[in-house]
Amino acid sequence: MKGLIKQLQEQEGFSESERMIATYLLAHFRNLPGMSTRQLARETFTSSAAIVRFSQKLGFGGYTEFRVKFLADMMRYTDRPHGEELAMTDKDSVHSILDKVTSIELDSIKETRGMLEPGDFVRALAIINKSDHIDFYAMDNNLDIANMAATGFIMANKCSTVHPAMTMQYLQATGAPKDHVAFFISRTGENRMLLDIAHLLKLRGNPIIALTASSNSSLANMAEVVFPVATVKSMEELGPRVFLTGAKYVMDILFAVLMTRVDFHSAQQKEQWLSKHFYY
């Protein structure tokens with residue numbers, strides 16, 4: 001699949017008005033952060049509706065989602081003005097793979113940072129502080145992120161549960177007290193089993209926090225707080241593993257925020273006990 005910048009450059013299948021929008025965006029992207037659809041429409045001699053349709057044609061839910069992705073991609077593109085290809089092939093040396101993987105993971109963190117809002121962490125913290133327990137819901141590799149996050153939450157005096165089996169996650173949801181927070185980790189936000197669990201928890205009144213690459217997904221629409229994470233679809237560019245990099249980054253921030261709110265003396269005693277009795 002072509003990258004967003006390449007699609008805007010090639011303008012394949014674009015109408016005349018879409019070409020005008022694409023050309024303006026590439027030439028004046030630095031003006032975009034504070035630009036509304038109405039302002040962009042005025043600059044491109046189109047309409048607000050045309051801007052929204054253009055965003056949707058490129059696979060986004062609307063202009064805001066497109067703008068976030070476009071600006072993040074432009075930041076990466078300007079760092080590599082010659083369009084350095086990061087997909088790995090059998091022609092790559094170990095040295096070039098080393099550089100490419102480093103670039104991919106750094107880009108993932110930078111792009112995720114550009115998508116995050118400090119207010120979301122404040123709202124998530126308020127929900128977690130009102131709760132006695134965090135229940136994680138995830139599958140496959142995302143369970144690794146859930147386990148890492150659960151360890152951090154315990155250090156911050158918040159009990160957490162991570163069940164690797166989906167059957168146990170279903171059972172957990174059916175009996176979860178209302179003071180339990182449901183924390184979902186899903187790259188697509190459209191996993192059928194996780195959505196079934198989220199619907200059940202929503203009916204029961206449990207608050208939901210979601211970490212996903214799709215802010216307009218079905219899962220995100222059910223959550224009180226959504227943490228967006230960068231991802232790519234190409235397996236040659238590490239595909240879902242890019243999501244894991246961004247997800248770990250978000251969890252590290254949340255852990256740091258939580259640790260600043262706990263009793264310092266208690267946290268220090270816990271760390272000293274672990275250092276003395278448990279080598280990790």
# chains A, B, ... in the order shown; residues from 1 in each chain; ligands from 1
>>> select_by_dssp(residues="segment 15-140 of chain A", states="alpha helix (DSSP H)", output="ChimeraX atom specification")
/A:16-27,37-44,48-57,63-79,94-115,118-129
>>> residues_around(residues="Ala41 of chain A", least_positions_apart="5", cutoff="8 Å", atoms="only C-alpha atoms", output="ChimeraX atom specification")
/A:46-48,50-51
>>> residues_around(residues="Asp144 of chain A", least_positions_apart="4", cutoff="12 Å", atoms="only C-alpha atoms", output="list in words")
Phe136, Tyr137, Ala138, Met139, Asp140, Met148, Ala149, Ala150, Thr151, Val162, His163, Pro164, Ile185, Arg241, Leu244, Thr245, Ala247, Lys248 and Met251 of chain A
>>> write_last_selection(atoms="N, CA and C atoms", output="mmCIF file, in the first residue's frame")
data_model
loop_
_atom_site.group_PDB
_atom_site.id
_atom_site.type_symbol
_atom_site.label_atom_id
_atom_site.label_comp_id
_atom_site.auth_asym_id
_atom_site.auth_seq_id
_atom_site.Cartn_x
_atom_site.Cartn_y
_atom_site.Cartn_z
ATOM 1 N N PHE A 136 -7.285 -6.107 32.288
ATOM 2 C CA PHE A 136 -6.797 -5.937 30.923
ATOM 3 C C PHE A 136 -7.486 -6.924 29.980
ATOM 4 N N TYR A 137 -7.745 -6.435 28.759
ATOM 5 C CA TYR A 137 -8.333 -7.258 27.716
ATOM 6 C C TYR A 137 -7.486 -7.073 26.455
ATOM 7 N N ALA A 138 -6.878 -8.156 26.001
ATOM 8 C CA ALA A 138 -5.967 -8.085 24.852
ATOM 9 C C ALA A 138 -5.752 -9.486 24.303
ATOM 10 N N MET A 139 -5.163 -9.549 23.123
ATOM 11 C CA MET A 139 -4.870 -10.833 22.494
ATOM 12 C C MET A 139 -3.461 -10.834 21.930
ATOM 13 N N ASP A 140 -2.928 -12.050 21.756
ATOM 14 C CA ASP A 140 -1.659 -12.265 21.061
ATOM 15 C C ASP A 140 -0.528 -11.403 21.642
ATOM 16 N N MET A 148 3.222 -6.083 30.983
ATOM 17 C CA MET A 148 4.177 -5.060 31.389
ATOM 18 C C MET A 148 3.463 -3.925 32.122
ATOM 19 N N ALA A 149 2.303 -3.511 31.575
ATOM 20 C CA ALA A 149 1.544 -2.423 32.200
ATOM 21 C C ALA A 149 1.022 -2.840 33.573
ATOM 22 N N ALA A 150 0.563 -4.082 33.699
ATOM 23 C CA ALA A 150 0.034 -4.570 34.972
ATOM 24 C C ALA A 150 1.104 -4.538 36.055
ATOM 25 N N THR A 151 2.332 -4.910 35.689
ATOM 26 C CA THR A 151 3.443 -4.851 36.642
ATOM 27 C C THR A 151 3.664 -3.427 37.116
ATOM 28 N N VAL A 162 -4.389 -9.848 34.272
ATOM 29 C CA VAL A 162 -4.214 -10.146 32.852
ATOM 30 C C VAL A 162 -4.407 -11.644 32.664
ATOM 31 N N HIS A 163 -5.467 -12.028 31.961
ATOM 32 C CA HIS A 163 -5.700 -13.441 31.651
ATOM 33 C C HIS A 163 -5.315 -13.698 30.187
ATOM 34 N N PRO A 164 -4.393 -14.627 29.928
ATOM 35 C CA PRO A 164 -3.994 -14.891 28.532
ATOM 36 C C PRO A 164 -5.088 -15.575 27.710
ATOM 37 N N ILE A 185 -6.480 -3.279 24.790
ATOM 38 C CA ILE A 185 -5.364 -3.010 23.887
ATOM 39 C C ILE A 185 -5.660 -3.737 22.583
ATOM 40 N N ARG A 241 4.308 -4.776 14.866
ATOM 41 C CA ARG A 241 5.325 -4.524 15.892
ATOM 42 C C ARG A 241 5.529 -3.032 16.105
ATOM 43 N N LEU A 244 3.229 -2.086 18.767
ATOM 44 C CA LEU A 244 3.714 -2.490 20.090
ATOM 45 C C LEU A 244 4.701 -1.468 20.643
ATOM 46 N N THR A 245 5.534 -0.906 19.772
ATOM 47 C CA THR A 245 6.489 0.118 20.213
ATOM 48 C C THR A 245 5.750 1.333 20.757
ATOM 49 N N ALA A 247 2.607 1.426 21.750
ATOM 50 C CA ALA A 247 1.787 1.042 22.904
ATOM 51 C C ALA A 247 2.626 1.028 24.179
ATOM 52 N N LYS A 248 3.824 0.490 24.094
ATOM 53 C CA LYS A 248 4.715 0.481 25.266
ATOM 54 C C LYS A 248 5.048 1.907 25.691
ATOM 55 N N MET A 251 2.128 3.327 27.607
ATOM 56 C CA MET A 251 2.066 2.722 28.933
ATOM 57 C C MET A 251 3.170 3.253 29.845
#
>>> atom_distance(atom1="atom CA of Val229 of chain A", atom2="atom CA of Leu211 of chain A")
7.0 Å
>>> residues_around(residues="Lys202 of chain A", least_positions_apart="3", cutoff="12 Å", atoms="only C-alpha atoms", output="ChimeraX atom specification")
/A:173-174,176,178,180-182,195-199,205-209,219,221-224
>>> select_by_dssp(residues="segment 65-165 of chain A", states="strand (DSSP E or B)", output="number ranges by chain")
A: 133-137, 159-162
>>> residues_around(residues="Met35 of chain A", least_positions_apart="2", cutoff="12 Å", atoms="only C-alpha atoms", output="list in words")
Leu25, His28, Phe29, Arg30, Asn31, Leu32, Pro33, Thr37, Arg38, Gln39, Leu40, Ala41, Arg42, Glu43, Ser48, Ile51, Tyr63, Thr64, Arg67 and Val68 of chain A
>>> write_last_selection(atoms="C-alpha atoms", output="PDB file, in the first residue's frame")
ATOM      1  CA  LEU A  25      -1.125  20.542   1.444  1.00  0.00           C
ATOM      2  CA  HIS A  28       2.003  24.634   2.780  1.00  0.00           C
ATOM      3  CA  PHE A  29       1.849  21.829   5.368  1.00  0.00           C
ATOM      4  CA  ARG A  30       3.386  24.093   8.028  1.00  0.00           C
ATOM      5  CA  ASN A  31       0.210  26.207   7.960  1.00  0.00           C
ATOM      6  CA  LEU A  32      -2.031  23.213   8.576  1.00  0.00           C
ATOM      7  CA  PRO A  33      -1.923  22.726  12.408  1.00  0.00           C
ATOM      8  CA  THR A  37     -11.745  22.855   7.061  1.00  0.00           C
ATOM      9  CA  ARG A  38     -13.287  26.225   6.164  1.00  0.00           C
ATOM     10  CA  GLN A  39      -9.877  27.940   6.049  1.00  0.00           C
ATOM     11  CA  LEU A  40      -8.342  25.121   3.997  1.00  0.00           C
ATOM     12  CA  ALA A  41     -11.324  25.209   1.629  1.00  0.00           C
ATOM     13  CA  ARG A  42     -10.844  28.945   1.125  1.00  0.00           C
ATOM     14  CA  GLU A  43      -7.138  28.508   0.329  1.00  0.00           C
ATOM     15  CA  SER A  48     -15.512  22.252   3.630  1.00  0.00           C
ATOM     16  CA  ILE A  51     -12.121  18.643   2.315  1.00  0.00           C
ATOM     17  CA  TYR A  63     -10.367  15.960   8.317  1.00  0.00           C
ATOM     18  CA  THR A  64      -9.041  15.944  11.900  1.00  0.00           C
ATOM     19  CA  ARG A  67      -4.529  16.118   9.489  1.00  0.00           C
ATOM     20  CA  VAL A  68      -2.892  14.295  12.422  1.00  0.00           C
TER      21      VAL A  68
END
>>> closest_residue(among="A:Ala22, A:Cys159, A:Ala165, A:Ala220", to="Gly189 of chain A", atoms="only C-alpha atoms")
A:Ala220
>>> closest_residue(among="A:Ala210, A:Ile253, A:Met75, A:Leu258", to="Asn129 of chain A", atoms="only C-alpha atoms")
A:Leu258
>>> atom_distance(atom1="atom CA of Glu16 of chain A", atom2="atom CA of Leu71 of chain A")
22.8 Å
>>> atom_distance(atom1="atom CA of Pro177 of chain A", atom2="atom CA of Ser131 of chain A")
9.9 Å
>>> residues_around(residues="Gln7 of chain A", least_positions_apart="4", cutoff="9 Å", atoms="only C-alpha atoms", output="JSON, numbers by chain")
{"A": [2, 3, 11, 12, 22, 58]}
>>> write_last_selection(atoms="all heavy atoms", output="short mmCIF file (atom, residue, chain, number, x, y, z; two decimals), in the first residue's frame")
data_model
loop_
_atom_site.label_atom_id
_atom_site.label_comp_id
_atom_site.auth_asym_id
_atom_site.auth_seq_id
_atom_site.Cartn_x
_atom_site.Cartn_y
_atom_site.Cartn_z
N LYS A 2 0.51 2.22 -0.85
CA LYS A 2 1.29 3.45 -0.93
C LYS A 2 1.13 4.26 0.34
O LYS A 2 0.07 4.30 0.95
CB LYS A 2 0.83 4.29 -2.12
CG LYS A 2 1.14 3.68 -3.48
CD LYS A 2 0.64 4.58 -4.59
CE LYS A 2 0.90 3.96 -5.95
NZ LYS A 2 0.35 4.79 -7.04
N GLY A 3 2.22 4.95 0.72
CA GLY A 3 2.16 5.85 1.86
C GLY A 3 1.33 7.07 1.51
O GLY A 3 1.10 7.40 0.34
N GLN A 11 -1.12 11.75 -6.94
CA GLN A 11 -2.47 12.23 -7.24
C GLN A 11 -3.23 11.32 -8.21
O GLN A 11 -4.05 11.77 -9.00
CB GLN A 11 -2.40 13.67 -7.78
CG GLN A 11 -1.76 14.64 -6.81
CD GLN A 11 -1.68 16.06 -7.32
OE1 GLN A 11 -2.28 16.38 -8.34
NE2 GLN A 11 -0.95 16.90 -6.61
N GLU A 12 -2.94 10.04 -8.13
CA GLU A 12 -3.59 9.08 -9.02
C GLU A 12 -5.06 8.94 -8.69
O GLU A 12 -5.44 8.69 -7.55
CB GLU A 12 -2.89 7.72 -8.88
CG GLU A 12 -3.40 6.67 -9.85
CD GLU A 12 -2.65 5.35 -9.72
OE1 GLU A 12 -1.52 5.36 -9.20
OE2 GLU A 12 -3.20 4.33 -10.12
N ALA A 22 -4.40 18.54 -2.65
CA ALA A 22 -3.15 17.81 -2.42
C ALA A 22 -1.94 18.70 -2.66
O ALA A 22 -0.98 18.70 -1.88
CB ALA A 22 -3.09 16.58 -3.33
N LEU A 58 -9.13 9.09 1.29
CA LEU A 58 -7.80 8.59 1.62
C LEU A 58 -7.82 7.60 2.79
O LEU A 58 -6.77 7.16 3.27
CB LEU A 58 -6.86 9.76 1.94
CG LEU A 58 -6.54 10.66 0.74
CD1 LEU A 58 -5.84 11.93 1.20
CD2 LEU A 58 -5.67 9.91 -0.27
#
>>> closest_residue(among="A:Thr161, A:Ser36, A:Ser218, A:Thr44", to="Thr23 of chain A", atoms="only C-alpha atoms")
A:Thr44
>>> residues_around(residues="Arg113 of chain A", least_positions_apart="4", cutoff="12 Å", atoms="only C-alpha atoms", output="PyMOL selection string")
chain A and resi 68-69+72+106-109+117-118+227-230+245-247+249-250+253
>>> closest_residue(among="A:Phe45, A:Glu10, A:Met74, A:Asp99", to="Leu26 of chain A", atoms="only C-alpha atoms")
A:Met74
